[in-house]
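Peer 1: The structure's right below; bear with me while I get my questions together.
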Amino acid sequence: MEQHGEVEALLRRRDVSPRVRERLEMVKARALGQDVAAIATWSGRTVRTVERWLRRFAVGGATAVADAPRPGRPLLADVAYRQVLGRAVETPPRALDLPFDVWTSVRLSAYLAETTGVRIAPGWLRALLAQQDFACGRPKHTRQHLQDPAEVAACEAELAAAKKKGGGRAGDIRVASSG
């Protein structure tokens, strides 16, 4: 019974891969009384595959239905790296005593290489950010912080007065007459 509580807890998590989630759903459905043929029908798997995952769960629990390690080079951006990445992106560079105001993928890659010791190319870093639902884009720079509000208001008032005084429409061309 405690294994079924574990299955329910795992199914509520968001970081479970779709393949493992499907296997856990098979286990849950079987615990709720569905027969193997029905599970095979809605999962799109064969009866033999469903039975295999149910057997593996019965022997090893929830860890037995996890994916086996994939062959190839190990990931550089492990969970710890992604956590540091998330914290860095959410922190303004100035708060980290860096000499710039905006993160770029090149700057972020260099900072993370210095901080974590793991060097990931800026292009892959952008892909990681997209996977974690961070938006990448160009910053919108304004000069508003450089303007004096009182001076801006005075200029706008002067401009409005000039429009009233001139009486013409914007874009009209005036030609000086020779006299």
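Note on naming: chains are A, B, ... as they come in the structure tokens, residues start from 1 per chain, ligands start from 1 in the order shown.
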Could I get the residues of stretch 54-170 of chain A with an atom no further than 12 Å from an atom of stretch 23-41 of chain A, each paired with its nearest atom pair and that distance in Å to one decimal, using only C-alpha atoms, sorted by chain and residue number, as a tab-separated table?
Peer 2:
```
residue	atom	partner	partner_atom	distance
A:Leu54	CA	A:Val27	CA	6.1
A:Arg55	CA	A:Val27	CA	9.6
A:Arg56	CA	A:Val27	CA	10.1
A:Phe57	CA	A:Val27	CA	7.5
A:Ala58	CA	A:Val27	CA	9.1
A:Gly61	CA	A:Val27	CA	10.0
A:Ala62	CA	A:Leu24	CA	7.6
A:Thr63	CA	A:Leu24	CA	10.3
A:Ala64	CA	A:Arg23	CA	10.1
A:Val65	CA	A:Arg23	CA	6.5
A:Ala66	CA	A:Arg23	CA	8.5
A:Asp67	CA	A:Arg23	CA	10.2
```
Peer 1: What are the nearest atom pairs, with distances in Å to one decimal, for all residues of stretch 35-123 of chain A that come at most 10 Å from stretch 127-131 of chain A, using only C-alpha atoms, set out by chain and rising residue number as a tab-separated table?
Peer 2:
```
residue	atom	partner	partner_atom	distance
A:Ala77	CA	A:Leu128	CA	8.4
A:Arg82	CA	A:Leu128	CA	8.1
A:Leu85	CA	A:Leu129	CA	8.3
A:Gly86	CA	A:Leu129	CA	8.3
A:Val89	CA	A:Leu129	CA	9.0
A:Ser105	CA	A:Leu129	CA	9.6
A:Ile120	CA	A:Leu128	CA	10.0
A:Pro122	CA	A:Ala127	CA	8.8
A:Gly123	CA	A:Ala127	CA	6.5
```
Peer 1: Please write the residues from the selection above to a file, keeping C-alpha atoms, as a PDB file, in the first residue's frame.
Peer 2:
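To be explicit, this is the file written out as result-v2.pdb:
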```
ATOM      1  CA  ALA A  77      24.233  20.825 -17.206  1.00  0.00           C
ATOM      2  CA  ARG A  82      20.554  24.386 -13.718  1.00  0.00           C
ATOM      3  CA  LEU A  85      21.702  29.091 -13.855  1.00  0.00           C
ATOM      4  CA  GLY A  86      18.199  29.903 -12.597  1.00  0.00           C
ATOM      5  CA  VAL A  89      19.312  34.753 -14.464  1.00  0.00           C
ATOM      6  CA  SER A 105      24.250  34.507 -23.311  1.00  0.00           C
ATOM      7  CA  ILE A 120      28.703  25.563 -21.820  1.00  0.00           C
ATOM      8  CA  PRO A 122      26.214  30.417 -25.298  1.00  0.00           C
ATOM      9  CA  GLY A 123      23.988  28.718 -27.894  1.00  0.00           C
TER      10      GLY A 123
END
```
Peer 1: What separation in Å, quoted to one decimal, exists between atom CA of A:Asp97 and atom CA of A:Asp148?
Peer 2: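 Atom-to-atom, atom CA of A:Asp97 to atom CA of A:Asp148, that is 27.7 Å.
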Peer 1: Report the residues of stretch 66-165 of chain A whose backbone DSSP state falls under alpha helix (DSSP H), written as a compact mmCIF listing (two decimals) with C-alpha atoms, in the first residue's frame.
Peer 2:
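Writing done, so here's part-v8.txt:
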```
# COMPACT_ATOMS: atom_id res chain seq x y z
CA VAL A 79 20.54 19.65 -11.72
CA ALA A 80 23.01 21.68 -9.66
CA TYR A 81 24.16 23.62 -12.75
CA ARG A 82 20.55 24.39 -13.72
CA GLN A 83 19.83 25.67 -10.23
CA VAL A 84 22.83 28.02 -10.37
CA LEU A 85 21.70 29.09 -13.85
CA GLY A 86 18.20 29.90 -12.60
CA ARG A 87 19.51 31.93 -9.66
CA ALA A 88 21.96 33.83 -11.89
CA VAL A 89 19.31 34.75 -14.46
CA GLU A 90 16.96 36.03 -11.77
CA SER A 105 24.25 34.51 -23.31
CA VAL A 106 28.00 35.14 -23.71
CA ARG A 107 28.24 36.96 -20.38
CA LEU A 108 26.08 34.39 -18.62
CA SER A 109 28.13 31.53 -20.05
CA ALA A 110 31.37 33.14 -18.86
CA TYR A 111 29.93 33.85 -15.39
CA LEU A 112 28.67 30.29 -14.98
CA ALA A 113 31.98 28.85 -16.19
CA GLU A 114 33.71 30.91 -13.52
CA THR A 115 31.19 30.03 -10.83
CA THR A 116 30.59 26.33 -11.50
CA PRO A 122 26.21 30.42 -25.30
CA GLY A 123 23.99 28.72 -27.89
CA TRP A 124 23.44 25.68 -25.67
CA LEU A 125 22.87 27.98 -22.74
CA ARG A 126 20.02 29.66 -24.65
CA ALA A 127 18.54 26.20 -25.31
CA LEU A 128 18.75 25.41 -21.58
CA LEU A 129 17.04 28.69 -20.75
CA ALA A 130 14.26 27.90 -23.22
CA GLN A 131 13.79 24.47 -21.59
CA PRO A 149 10.78 65.07 -15.24
CA ALA A 150 10.34 68.81 -14.66
CA GLU A 151 12.28 69.67 -17.81
CA VAL A 152 10.30 67.13 -19.86
CA ALA A 153 7.02 68.66 -18.65
CA ALA A 154 8.25 72.18 -19.51
CA CYS A 155 9.24 71.08 -23.03
CA GLU A 156 5.89 69.37 -23.60
CA ALA A 157 4.03 72.51 -22.46
CA GLU A 158 6.15 74.69 -24.76
CA LEU A 159 5.49 72.31 -27.66
CA ALA A 160 1.73 72.40 -27.01
CA ALA A 161 1.78 76.22 -26.88
CA ALA A 162 3.71 76.34 -30.17
CA LYS A 163 1.12 74.10 -31.83
CA LYS A 164 -1.72 76.39 -30.69
CA LYS A 165 0.10 79.52 -31.79
```
Peer 1: What is the distance, in Å and to one decimal place, between atom CA of A:Arg19 and atom CA of A:Thr49?
Peer 2: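 We find that atom CA of A:Arg19 and atom CA of A:Thr49 lie 12.8 Å from each other.
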Peer 1: Can you measure atom CA of A:Arg52 to atom CA of A:Pro69 for me? One decimal in Å is fine.
Peer 2: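 For atom CA of A:Arg52 relative to atom CA of A:Pro69, the distance reads 18.5 Å.
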